[in-house]
Amino acid sequence: MPVSTVTSAREILTRLHDVMASRAGAQAKLNQVVGIIAEATASEVCSLYLLRDGVLELFATRGLKEEAVHVTKLALGEGLVGSIADKVEVLNLDEAAAHPDFAYKPETGEELFHSFAGVPIIRREQAVGVLCVQHRDPRKYEDVEIEALQTVAMVLSELIANAGLIDGPSADKAHAAATGALRLPGQKLVDGMASGIAVFHQPRVTIEHTVAEDVEAERRRVYSAFAKMREQIDSMAAQAEFGVGGEHEEVLATYKMFAYDEGWSRRINEAIDSGLTAEAAIERVQQRTRMRMRQIDDPLLADRMHDLEDLSNRLLRIVSGQLGTAAQMGLRQDAILIARNLGPAELLEYDRRRLKGVILEEGSLTAHVTIVARAMGVPVLGRVKDVRRLIGDGDHLLLDGNQSAVFVRPTTAMEEAFEAKLALGAKRRAAYAALRGVPPITKDGQRITVMVNAGLRDDAAALDLTGADGIGLFRTEFQFLVSATLPQRERQQRLYRDVLDAARDRPVVFRTVDIGGDKALPYMRAGEMEEENPAMGWRALRVALDRDGLMKAQARALLEAAAGRTLNVMFPMVSEPWEFDEAKAIFEAQRDWIASRNRPLPSQIRYGAMLEVPALAECLDLLLPRLDFLSVGTNDLTQFLFAADRAHPKLAERYDWLSPAILRFLRRVVTPARAQGVPVTVCGEMGGRTLEAMALLGLGIDRLSITPIAVGPIKAMVRSLDLAKLRTKMDDWLDHPPESLRATFTAWAEANNVELA
């Protein structure tokens with residue numbers, strides 16, 4: 001089928017408009033529709049399947065056997081048509097029978113046709129049918145043909161919905177309300193607990209008309225809506241109240257960049273050119289974005305797509321005159337917000353006195369909305385499956401970040417347990433707050449260094465709030481991850497100086513940029529960081545040494561920011577000593593360059609390595625004489641030791657940090673380091689858990705860098721511990737491990753009144 005036969009989607013829509021305006025019955029209209037599409041695309045087959053009673057029913061066809069209409073039915077996921085509806089994706093095949101999902105239906109007579117293209121018919125983000133074309137010749141359809149089919153499918157969704165031909169709105173919410181209390185698990189994105197009523201962020205904008213009468217009038221409507229939306233974004237960015245200079249400002253700058261993206265507005269204009277109304281054009285481009293999001297494995301790129309989705313929703317509400325999000329209508333009581341996803345600007349619109357928490361069907365730890373919510377102090381639970389289906393508007397909710405769950409329509413017993421937990425948490429926080437100015441010294445007089453991990457400028461405030469000894473790990477990559485382009489050296493320098501200023505005389509250990517793996521950058525070359533096994537691939541120091549321009553810029557930024565102060569710099573994922581030497585040489589060369597221009601330098605530079613790769617333990621005797629300090633990253637170390645992906649849900653709880661393998665390995669590292677006088681710090685989640693931290697202290701580790709929220713519990717544990725007594729037991733336990741070391745440590749702690757959280 002030559003491309004010239006698809007003169008334009010607009011021509012097809014013009015003919016469809018006449019059909020939709022006619023007085024013919026729904027079935028007669030659909031019979032005409034498949035005929036129009038078959039002729040316009042020069043296809044020998046055009047078929048329409050609609051979702052009825054949970055199955056896809058062949059409703060109209062041109063080219064297949066007529067007796068198959070209303071007889072051929074496919075379950076969601078069955079055959080090519082079922083796969084398209086289930087996955088809400090496009091299929092374009094030159095040989096349909098070769099596809100693994102192909103299912104032959106003999107009553108249709110489709111064995112004569114080779115090529116196949118199908119697109120989902122989408123209504124309210126769900127597939128309600130499938131439009132497909134077929135041809136005898138084995139060849140793929142052109143992109144312009146697929147675009148035309150998708151545009152037509154959008155118009156069809158209006159026709160079939162108005163005719164009542166598809167399954168009506170689900171009674172799921174009514175059913176959910178009748179089922180009583182529920183516990184829905186999710187992923188903790190921002191820690192905290194909250195109680196409030198469920199408020200849906202966004203009442204759906206229903207598009208009443210899809211085919212334009214006057215294309216230029218629709219274009220003017222879109223231009224006006226863009227101007228208003230950009231004005232709103234500019235105003236919000238200027239009025240953000242939670243501090244100046246944080247990474248959330250960079251997030252908003254990136255979000256603002258999307259709002260002014262000419263490519264996005266051009267795609268909407270092209271959709272209007274095809275004959276769609278302004279609302280339908282925005283929705284059409286939004287559908288395309290959603291399909292792209294489903295194909296993106298990179299969570300950071302997906303997060304940026306979510307920002308664009310957020311802007312699309314805003315633009316759609318403006319152009320349709322339906323401006324009412326829950327934020328704009330106002331929260332009248334304490335509320336927990338429900339959404340599929342949120343953009344950062346949408347969250348900023350809410351009254352922070354009333355907004356107690358957020359629950360997302362999607363979301364991620366690196367999403368822009370998560371960054372902003374953390375700055376606002378709003379707890380967020382993400383990845384809650386079917387949340388918009390199982391929760392009703394106005395339902396009472398209890399969000400428990402500690403359990404990574406939300407309780408829906410809680411029983412009296414659930415509420416009482418939640419309130420008791422809140423009260424206990426408040427009591428514990430008060431007790432931990434009282435320890436803020438108290439040093440972490442064991443009962444036998446040994447001083448333990450307790451520092452915090454950080455990654456945002458605002459995180460430095462945790463030093464004063466917790467009384468921590470410093471920042472043992474500042475993750476510099478976060479600035480790279482939230483930026484649309486590589487951060488300039490001056491911007492990096494400003495961040496590092498601000499963090500040092502906030503820390504005052506307390507040490508800050510800057511880890512050089514750790515990207516790659518699950519932290520891909522959107523501005524790296526396409527495909528450059530796509531790997532089958534990214535956790536063990538081109539990441540961290542490996543990237544920095546290969547791209548030494550990136551490390552040179554960061555080295556200069558750190559050296560200049562620390563002028564007159566001590567600079568502690570640490571290289572991540574060192575596998576062999578030569579990698580440390582090369583990284584240090586880059587810093588020294590930059591130091592010499594700055595000195596040659598008589599610019600101020602740090603008063604002292606201390607270089608450290610992060611031990612995450614087990615191979616480095618075999619070379620410690622070579623590396624230790626060159627180190628000022630060593631840090632152990634227990635998160636990555638554990639997955640490398642056990643060859644177990646820490647993100648894999650089936651493996652996440654399988655390997656215990658208190659296993660002999662981990663503790664023996666750490667003993668092998670600590671013993672020679674102490675002999676050489678090189679301080680060892682454990683950075684990672686292991687050090688923030690009281691029982692695991694007790695075991696680390698027993699091994700001889702006396703420096704921990706942990707999340708700020710864990711500082712209080714760790715201090716309390718340290719002050720209740722007789723460390724010398726514990727260390728007399730460690731070697732025997734590790735040389736002759738009991739059946740469960742965890743049970744052994746727990747029993748010893750209880751017998752010796754060690755305070756565990």
# chains A, B, ... in the order shown; residues from 1 in each chain; ligands from 1
>>> residues_around(residues="Glu309 of chain A", least_positions_apart="6", cutoff="9 Å", atoms="only C-alpha atoms", output="PyMOL selection string")
chain A and resi 286+289-290+341-343
>>> write_last_selection(atoms="N, CA and C atoms", output="compact mmCIF listing (two decimals), in the first residue's frame")
# COMPACT_ATOMS: atom_id res chain seq x y z
N GLN A 286 -0.79 12.79 24.07
CA GLN A 286 -0.63 12.20 25.40
C GLN A 286 -0.67 10.67 25.33
N THR A 289 2.60 9.48 24.20
CA THR A 289 3.58 9.55 25.28
C THR A 289 3.43 8.36 26.22
N ARG A 290 2.17 8.01 26.55
CA ARG A 290 1.94 6.87 27.46
C ARG A 290 2.48 5.58 26.86
N ASN A 341 -0.02 9.26 38.77
CA ASN A 341 1.28 9.88 38.96
C ASN A 341 1.07 11.38 39.11
N LEU A 342 2.08 12.08 39.53
CA LEU A 342 1.99 13.52 39.72
C LEU A 342 3.24 14.18 39.16
N GLY A 343 3.08 15.38 38.66
CA GLY A 343 4.24 16.20 38.33
C GLY A 343 4.56 17.07 39.52
>>> select_by_dssp(residues="segment 52-235 of chain A", states="helix (DSSP H, G or I)", output="PyMOL selection string")
chain A and resi 66-68+79-87+96-98+106-108+110-112+143-162+172-179+215-235
>>> select_by_dssp(residues="segment 658-705 of chain A", states="strand (DSSP E or B)", output="number ranges by chain")
A: 680-683, 703-705
>>> atom_distance(atom1="atom CA of Ala339 of chain A", atom2="atom CA of Thr370 of chain A")
13.3 Å
>>> closest_residue(among="A:Ile594, A:Ala413, A:Leu545, A:Ala431", to="Val711 of chain A", atoms="only C-alpha atoms")
A:Ala431
>>> residues_around(residues="Val33 of chain A", least_positions_apart="3", cutoff="10 Å", atoms="only C-alpha atoms", output="number ranges by chain")
A: 12, 15-16, 19-20, 27-30, 36-39, 46-48, 60-62, 152, 156
>>> residues_around(residues="Ser157 of chain A", least_positions_apart="5", cutoff="9 Å", atoms="only C-alpha atoms", output="CSV table (one decimal) with C-alpha atoms, in the first residue's frame")
chain,number,residue,atom,x,y,z
A,121,ILE,CA,-9.0,2.1,20.9
A,122,ILE,CA,-8.5,3.9,24.2
A,123,ARG,CA,-11.1,5.4,26.5
A,128,VAL,CA,-11.9,-0.6,25.0
A,129,GLY,CA,-11.3,-2.1,21.5
A,152,VAL,CA,-9.0,7.2,13.7
A,162,ASN,CA,-21.8,7.3,22.9
>>> residues_around(residues="Val613 of chain A", least_positions_apart="5", cutoff="7 Å", atoms="only C-alpha atoms", output="PyMOL selection string")
chain A and resi 573-575+637+640
>>> residues_around(residues="segment 699-708 of chain A", least_positions_apart="6", cutoff="7 Å", atoms="only C-alpha atoms", output="PyMOL selection string")
chain A and resi 448-453+462+466+472-473+667+670+680-685+687-688+727+730
>>> residues_around(residues="Phe59 of chain A", least_positions_apart="2", cutoff="6 Å", atoms="only C-alpha atoms", output="ChimeraX atom specification")
/A:48-49,57,69-70
>>> closest_residue(among="A:Gly363, A:Pro614, A:Gly549, A:Pro440", to="Ile586 of chain A", atoms="only C-alpha atoms")
A:Gly549
>>> closest_residue(among="A:Gln134, A:Ile160, A:Ser43, A:Arg504", to="Ala26 of chain A", atoms="only C-alpha atoms")
A:Ile160
>>> atom_distance(atom1="atom CA of Gly382 of chain A", atom2="atom CA of Lys188 of chain A")
6.3 Å
